[in-house]
Amino acid sequence: MTDLDKEIEEKIYDILKKYHKDEDYNLNYLITDDIVTFFLSINEGNLVTMEDLYKISGILNAKIKDMVLVNQEYRFSFEMEK
């Protein structure tokens, strides 16, 4: 498994942290092949707006792939440009 660049992580963290009640929010994501998936508990806060998803898409230089609800969490996937 690989991680995103720390600068990119910080930018995405700044966007997603407002959707969490807890101040100790940790950015939770998984990279598989050319897909980056972020996880957001539905118990922690609100659904991410499309505007913020587009901001994240721009930061990653990726297109929004999908958004699904699985086991009490939202999953937002982005497909990286090749």
# chains A, B, ... in the order shown; residues from 1 in each chain; ligands from 1
>>> residues_around(residues="Ile31 in chain A", least_positions_apart="2", cutoff="8 Å", atoms="only C-alpha atoms", output="NGL selection string")
:A and (1-3 or 29 or 33-37)
>>> residues_around(residues="Asp52 in chain A", least_positions_apart="5", cutoff="12 Å", atoms="only C-alpha atoms", output="PyMOL selection string")
chain A and resi 11-19+47+57-59+64+76
>>> closest_residue(among="A:Asn26, A:Thr49, A:Thr32, A:Asn43", to="Met67 in chain A", atoms="only C-alpha atoms")
A:Thr49
>>> decode(residues="range 14-44 of chain A", atoms="C-alpha atoms", output="mmCIF file, in the first residue's frame")
data_model
loop_
_atom_site.group_PDB
_atom_site.id
_atom_site.type_symbol
_atom_site.label_atom_id
_atom_site.label_comp_id
_atom_site.auth_asym_id
_atom_site.auth_seq_id
_atom_site.Cartn_x
_atom_site.Cartn_y
_atom_site.Cartn_z
ATOM 1 C CA ASP A 14 -8.610 20.556 5.509
ATOM 2 C CA ILE A 15 -11.631 19.930 3.274
ATOM 3 C CA LEU A 16 -12.941 16.830 5.070
ATOM 4 C CA LYS A 17 -12.329 17.777 8.708
ATOM 5 C CA LYS A 18 -15.363 20.086 8.782
ATOM 6 C CA TYR A 19 -17.598 17.051 8.234
ATOM 7 C CA HIS A 20 -16.534 15.494 11.554
ATOM 8 C CA LYS A 21 -17.706 16.253 15.063
ATOM 9 C CA ASP A 22 -14.448 15.152 16.653
ATOM 10 C CA GLU A 23 -11.421 17.421 16.549
ATOM 11 C CA ASP A 24 -9.067 14.440 16.411
ATOM 12 C CA TYR A 25 -10.255 13.347 12.948
ATOM 13 C CA ASN A 26 -7.758 11.276 10.970
ATOM 14 C CA LEU A 27 -7.850 11.137 7.194
ATOM 15 C CA ASN A 28 -8.873 7.588 6.269
ATOM 16 C CA TYR A 29 -8.226 6.387 2.713
ATOM 17 C CA LEU A 30 -7.117 3.415 0.658
ATOM 18 C CA ILE A 31 -5.201 3.412 -2.631
ATOM 19 C CA THR A 32 -5.666 0.426 -4.956
ATOM 20 C CA ASP A 33 -4.203 0.593 -8.452
ATOM 21 C CA ASP A 34 -5.413 3.951 -9.808
ATOM 22 C CA ILE A 35 -8.351 4.345 -7.371
ATOM 23 C CA VAL A 36 -8.227 6.403 -4.163
ATOM 24 C CA THR A 37 -11.127 5.763 -1.769
ATOM 25 C CA PHE A 38 -11.862 7.966 1.242
ATOM 26 C CA PHE A 39 -13.963 6.736 4.162
ATOM 27 C CA LEU A 40 -16.272 8.946 6.240
ATOM 28 C CA SER A 41 -18.424 7.573 9.057
ATOM 29 C CA ILE A 42 -22.066 8.615 8.818
ATOM 30 C CA ASN A 43 -22.053 8.907 12.629
ATOM 31 C CA GLU A 44 -19.295 11.501 12.587
#
